[in-house]
file target.tsv (TSV, C-alpha atoms and all ligand atoms)
chain	number	residue	atom	x	y	z
A	1	MET	CA	2.28	-15.82	-26.70
A	2	LYS	CA	-1.23	-15.08	-25.40
A	3	LEU	CA	-1.98	-11.51	-24.35
A	4	GLU	CA	-2.50	-12.56	-20.68
A	5	ALA	CA	1.01	-14.08	-20.65
A	6	LYS	CA	2.52	-10.93	-22.16
A	7	ILE	CA	0.77	-8.74	-19.58
A	8	LEU	CA	1.99	-11.01	-16.81
A	9	ASN	CA	5.49	-10.72	-18.18
A	10	GLY	CA	5.13	-6.92	-18.23
A	11	LEU	CA	3.90	-6.85	-14.63
A	12	GLU	CA	6.87	-8.96	-13.54
A	13	ARG	CA	9.28	-6.58	-15.23
A	14	LEU	CA	7.59	-3.56	-13.63
A	15	SER	CA	7.74	-5.20	-10.23
A	16	GLU	CA	11.47	-5.89	-10.73
A	17	ALA	CA	12.03	-2.28	-11.79
A	18	LEU	CA	10.29	-0.94	-8.66
A	19	LYS	CA	12.25	-3.36	-6.46
A	20	SER	CA	15.51	-2.29	-8.01
A	21	LEU	CA	14.69	1.42	-7.48
A	22	LEU	CA	13.91	0.61	-3.85
A	23	TRP	CA	17.20	-1.29	-3.52
A	24	GLU	CA	19.12	1.75	-4.74
A	25	GLN	CA	17.59	3.82	-1.94
A	26	ALA	CA	18.16	1.04	0.58
A	27	LYS	CA	21.88	0.97	-0.22
A	28	LEU	CA	22.09	4.76	-0.08
A	29	TYR	CA	20.62	4.97	3.43
A	30	GLY	CA	21.92	1.67	4.82
A	31	ILE	CA	18.52	0.07	5.47
A	32	SER	CA	16.87	-2.92	3.81
A	33	PRO	CA	13.96	-2.71	1.31
A	34	ILE	CA	11.52	-4.26	3.81
A	35	GLN	CA	12.58	-1.67	6.40
A	36	ILE	CA	11.91	1.10	3.84
A	37	GLN	CA	8.51	-0.40	2.99
A	38	ILE	CA	7.56	-0.58	6.70
A	39	LEU	CA	8.73	2.96	7.38
A	40	LEU	CA	6.75	4.33	4.39
A	41	PHE	CA	3.67	2.33	5.37
A	42	VAL	CA	3.71	3.54	9.00
A	43	HIS	CA	4.19	7.10	7.80
A	44	ASN	CA	1.22	6.90	5.40
A	45	HIS	CA	-1.37	5.01	7.49
A	46	LYS	CA	-3.34	5.45	10.70
A	47	THR	CA	-1.58	4.23	13.86
A	48	GLU	CA	-4.29	1.63	14.70
A	49	ILE	CA	-3.15	-0.63	11.85
A	50	CYS	CA	0.61	-0.11	12.25
A	51	ASN	CA	1.50	-3.24	14.19
A	52	VAL	CA	3.55	-6.36	13.46
A	53	SER	CA	0.58	-8.62	12.60
A	54	TYR	CA	-0.95	-6.19	10.13
A	55	LEU	CA	2.41	-5.40	8.52
A	56	ALA	CA	3.15	-9.11	8.04
A	57	LYS	CA	-0.14	-9.50	6.15
A	58	GLU	CA	0.38	-6.30	4.19
A	59	PHE	CA	3.77	-7.38	2.87
A	60	ASN	CA	3.06	-11.13	2.67
A	61	VAL	CA	5.98	-11.99	4.99
A	62	THR	CA	6.23	-13.71	8.38
A	63	LYS	CA	5.76	-11.87	11.68
A	64	ALA	CA	9.38	-12.80	12.53
A	65	THR	CA	10.62	-10.96	9.41
A	66	VAL	CA	8.60	-7.87	10.33
A	67	SER	CA	9.72	-8.03	13.97
A	68	ASP	CA	13.39	-8.11	12.91
A	69	ALA	CA	12.92	-5.15	10.56
A	70	VAL	CA	10.95	-3.19	13.19
A	71	ARG	CA	13.62	-3.89	15.85
A	72	ILE	CA	16.25	-2.25	13.63
A	73	LEU	CA	14.00	0.72	12.78
A	74	LEU	CA	13.37	1.24	16.52
A	75	LYS	CA	17.10	0.97	17.26
A	76	LYS	CA	17.92	3.51	14.55
A	77	GLU	CA	15.20	5.75	16.02
A	78	PHE	CA	13.20	6.00	12.78
A	79	LEU	CA	10.17	4.46	14.54
A	80	GLU	CA	8.91	4.45	18.12
A	81	LYS	CA	6.36	2.41	20.04
A	82	ASP	CA	2.90	3.69	20.91
A	83	LEU	CA	2.18	1.37	23.84
A	84	SER	CA	-1.32	0.11	24.59
A	85	PRO	CA	-2.63	1.74	27.83
A	86	THR	CA	-3.99	-1.64	29.02
A	87	ASP	CA	-1.29	-4.10	27.95
A	88	ASN	CA	2.33	-2.96	27.64
A	89	ARG	CA	3.23	-6.00	25.50
A	90	ARG	CA	1.01	-4.63	22.74
A	91	TYR	CA	2.01	-1.61	20.73
A	92	ASN	CA	1.54	0.18	17.44
A	93	LEU	CA	4.24	2.03	15.60
A	94	ILE	CA	4.71	5.72	14.90
A	95	VAL	CA	7.34	7.57	12.91
A	96	THR	CA	9.86	9.73	14.79
A	97	THR	CA	11.10	13.12	13.60
A	98	GLY	CA	14.22	11.39	12.21
A	99	GLY	CA	11.97	8.86	10.46
A	100	LYS	CA	9.95	11.66	8.88
A	101	GLU	CA	13.14	13.24	7.54
A	102	LEU	CA	14.15	9.91	5.99
A	103	VAL	CA	10.66	9.43	4.49
A	104	GLN	CA	11.00	12.85	2.88
A	105	ARG	CA	14.26	11.75	1.24
A	106	LEU	CA	12.81	8.36	0.21
A	107	SER	CA	9.54	9.66	-1.18
A	108	THR	CA	10.89	10.06	-4.69
A	109	TYR	CA	12.23	6.50	-5.05
A	110	ALA	CA	9.74	5.68	-7.84
A	111	LEU	CA	10.14	9.04	-9.61
A	112	PRO	CA	11.35	7.55	-12.95
A	113	VAL	CA	8.14	5.45	-13.10
A	114	SER	CA	5.90	8.42	-12.16
A	115	GLU	CA	7.58	10.56	-14.80
A	116	GLU	CA	6.99	7.95	-17.51
A	117	LEU	CA	3.36	7.49	-16.43
A	118	ALA	CA	2.88	11.24	-16.72
A	119	ARG	CA	3.58	10.94	-20.47
A	120	PHE	CA	0.30	9.02	-21.01
A	121	ASP	CA	-2.87	10.98	-21.65
A	122	GLU	CA	-5.79	11.09	-19.20
A	123	GLN	CA	-7.81	8.39	-21.01
A	124	GLU	CA	-4.89	5.94	-21.14
A	125	LEU	CA	-4.10	6.49	-17.46
A	126	SER	CA	-7.75	6.01	-16.56
A	127	GLY	CA	-7.83	2.69	-18.47
A	128	ILE	CA	-4.66	1.43	-16.73
A	129	PHE	CA	-6.05	2.45	-13.33
A	130	ASP	CA	-9.40	0.79	-14.01
A	131	THR	CA	-7.74	-2.52	-14.93
A	132	LEU	CA	-5.30	-2.42	-12.01
A	133	SER	CA	-7.97	-1.67	-9.40
A	134	LYS	CA	-10.13	-4.56	-10.64
A	135	LEU	CA	-7.16	-6.94	-10.80
A	136	ILE	CA	-6.15	-6.08	-7.22
A	137	PHE	CA	-9.71	-6.66	-6.01
A	138	GLN	CA	-10.01	-10.00	-7.84
A	139	LEU	CA	-6.65	-11.19	-6.48
A	140	ASN	CA	-7.75	-10.23	-2.97
A	141	GLN	CA	-10.92	-12.28	-3.43
A	142	ARG	CA	-8.74	-15.29	-4.33
A	143	GLY	CA	-6.48	-14.74	-1.30
A	144	VAL	CA	-3.40	-13.86	-3.37
A	145	ILE	CA	-3.27	-10.28	-2.07
A	146	GLN	CA	-4.04	-10.52	1.62
A	147	VAL	CA	-4.77	-6.93	2.52
A	148	GLN	CA	-6.45	-4.28	0.50
A	149	ARG	CA	-8.10	-1.04	1.41
A	150	THR	CA	-9.92	-0.41	-1.86
A	151	CYS	CA	-13.45	0.85	-2.39
A	152	PHE	CA	-14.61	-2.49	-3.80
A	153	ASN	CA	-13.92	-4.18	-0.48
A	154	CYS	CA	-15.17	-1.35	1.76
A	155	LYS	CA	-18.37	-1.29	3.79
A	156	TYR	CA	-19.10	2.24	2.58
A	157	TYR	CA	-19.02	1.27	-1.10
A	158	GLN	CA	-22.21	0.98	-3.14
A	159	GLY	CA	-22.17	0.20	-6.84
A	160	ASP	CA	-21.68	-2.40	-9.52
A	161	GLN	CA	-17.84	-2.23	-9.62
A	162	LYS	CA	-18.13	-1.30	-13.30
A	163	ASN	CA	-19.88	1.93	-14.16
A	164	SER	CA	-21.59	3.07	-10.98
A	165	HIS	CA	-19.72	3.83	-7.76
A	166	TYR	CA	-20.88	5.61	-4.60
A	167	CYS	CA	-19.21	6.22	-1.21
A	168	LYS	CA	-21.72	6.29	1.66
A	169	LEU	CA	-19.15	7.88	3.97
A	170	LEU	CA	-18.37	10.77	1.62
A	171	GLU	CA	-22.03	10.75	0.51
A	172	SER	CA	-20.83	11.21	-3.02
A	173	PRO	CA	-20.64	9.33	-6.32
A	174	LEU	CA	-17.11	8.34	-7.30
A	175	LYS	CA	-15.75	8.58	-10.83
A	176	GLN	CA	-13.77	5.56	-12.02
A	177	GLN	CA	-10.48	7.38	-11.41
A	178	GLU	CA	-11.63	8.33	-7.88
A	179	ILE	CA	-11.79	4.68	-6.78
A	180	ARG	CA	-9.27	4.37	-3.91
A	181	LEU	CA	-6.65	1.63	-3.82
A	182	ASP	CA	-5.45	2.56	-0.33
A	183	CYS	CA	-8.07	4.67	1.45
A	184	GLY	CA	-7.44	6.07	4.91
A	185	GLU	CA	-11.16	5.78	5.76
A	186	PHE	CA	-11.52	2.20	4.51
A	187	GLU	CA	-13.47	-0.23	6.69
A	188	GLU	CA	-13.73	-3.85	5.66
A	189	LYS	CA	-17.10	-5.04	4.43
A	190	ALA	CA	-18.63	-7.81	6.54
A	191	VAL	CA	-18.51	-11.20	4.81
A	192	GLY	CA	-21.79	-12.91	4.00
B	1	LIG	S1	-14.48	5.14	2.58
B	1	LIG	FE1	-12.78	5.16	1.10
B	1	LIG	S2	-12.56	3.03	0.44
B	1	LIG	FE2	-14.57	3.23	1.42
B	1	LIG	S3	-15.96	3.60	-0.30
B	1	LIG	FE3	-15.39	5.57	0.57
B	1	LIG	S4	-13.63	6.24	-0.67
B	1	LIG	FE4	-13.90	4.06	-1.03

call {"tool": "encode", "arguments": {"input": "target.tsv", "output": "structure tokens", "more": "lines below"}}
Ligand code: SF4
result
Amino acid sequence: MKLEAKILNGLERLSEALKSLLWEQAKLYGISPIQIQILLFVHNHKTEICNVSYLAKEFNVTKATVSDAVRILLKKEFLEKDLSPTDNRRYNLIVTTGGKELVQRLSTYALPVSEELARFDEQELSGIFDTLSKLIFQLNQRGVIQVQRTCFNCKYYQGDQKNSHYCKLLESPLKQQEIRLDCGEFEEKAVG
């Protein structure tokens, strides 16, 4: 088997492991994995992007799937609407106090994976991170991953994507391990 195929196989198994850990939490708290993913996303990102359209792209699912999940999260009072001042059909989502408590309990769902990663030394972790960040960027360029908020796709990034990285917003060089995969300050680079 070629090395690429073995790596692919490994990524599939890791993805299954993460899904199964998420499922365990879902069963424990009586909500579905997509509802957990939405709740965690809204908790960890700025309100401007927390709407049905963006979430559908983020999780590669239909708007109808997101709308159903959001309806239940609103009903269970884990999320609430932040209505647009000009158009009350448009809204973003924010996490309620009850939602924050649930996020706190859910935040350790991937703990077994984090603990195993912590066994690698700094150089090994840096190599894994380097490869993953480039793979995510390349897959975004091909349209396989629809949304990414990484340095390589950000208007503030300057560099060669290999050895030299600089953030114009932070006005600072970035080490390889400081490249962000999900940056709160990310702004998409104009195409062309
Ligand atoms: S703003 Fe964030 S994503 Fe953009 S280059 Fe700076 S650190 Fe990277």

call {"tool": "atom_distance", "arguments": {"input": "target.tsv", "atom1": "atom CA of Arg149 of chain A", "atom2": "atom CA of Asp182 of chain A"}}
result
4.8 Å

call {"tool": "residues_near_ligand", "arguments": {"input": "target.tsv", "ligand": "ligand LIG 1 (chain B)", "cutoff": "9 Å", "atoms": "all atoms listed in the file", "output": "PyMOL selection string"}}
result
chain A and resi 149-158+165-172+174+178-188

call {"tool": "closest_residue", "arguments": {"input": "target.tsv", "among": "A:Arg13, A:Arg90, A:Lys100, A:Lys134", "to": "Ser53 of chain A", "atoms": "only C-alpha atoms"}}
result
A:Arg90

call {"tool": "residues_around", "arguments": {"input": "target.tsv", "residues": "segment 20-27 of chain A", "least_positions_apart": "5", "cutoff": "12 Å", "atoms": "only C-alpha atoms", "output": "list in words"}}
result
Arg13, Leu14, Ser15, Ser32, Pro33, Ile34, Gln35, Ile36, Gln37, Leu39, Leu40, Leu102, Val103, Arg105, Leu106, Ser107, Thr108, Tyr109, Ala110, Leu111, Pro112 and Val113 of chain A

call {"tool": "closest_residue", "arguments": {"input": "target.tsv", "among": "A:Asn51, A:Ile31, A:Tyr91, A:Pro85", "to": "Leu73 of chain A", "atoms": "all atoms listed in the file"}}
result
A:Ile31

call {"tool": "atom_distance", "arguments": {"input": "target.tsv", "atom1": "atom CA of Leu55 of chain A", "atom2": "atom CA of Ile145 of chain A"}}
result
13.0 Å

call {"tool": "atom_distance", "arguments": {"input": "target.tsv", "atom1": "atom CA of Ile49 of chain A", "atom2": "atom CA of Lys75 of chain A"}}
result
21.0 Å

call {"tool": "residues_around", "arguments": {"input": "target.tsv", "residues": "Leu132 of chain A", "least_positions_apart": "5", "cutoff": "12 Å", "atoms": "only C-alpha atoms", "output": "PyMOL selection string"}}
result
chain A and resi 7+11+125-127+137-139+150+176-177+179-181

call {"tool": "closest_residue", "arguments": {"input": "target.tsv", "among": "A:Thr65, A:Asn44, A:Asn140, A:Gln123", "to": "Ile94 of chain A", "atoms": "all atoms listed in the file"}}
result
A:Asn44

call {"tool": "residues_around", "arguments": {"input": "target.tsv", "residues": "Ala56 of chain A", "least_positions_apart": "2", "cutoff": "10 Å", "atoms": "only C-alpha atoms", "output": "list in words"}}
result
Ile38, Asn51, Val52, Ser53, Tyr54, Glu58, Phe59, Asn60, Val61, Thr62, Lys63, Ala64, Thr65, Val66, Ser67, Gln146 and Val147 of chain A

call {"tool": "closest_residue", "arguments": {"input": "target.tsv", "among": "A:Phe129, A:Cys50, A:Leu135, A:Arg119", "to": "Leu8 of chain A", "atoms": "all atoms listed in the file"}}
result
A:Leu135

call {"tool": "closest_residue", "arguments": {"input": "target.tsv", "among": "A:Ile128, A:Ala190, A:Ile136, A:Leu93", "to": "Glu48 of chain A", "atoms": "only C-alpha atoms"}}
result
A:Leu93

call {"tool": "closest_residue", "arguments": {"input": "target.tsv", "among": "A:Val95, A:Ala118, A:Ala17, A:Leu3", "to": "Lys81 of chain A", "atoms": "all atoms listed in the file"}}
result
A:Val95
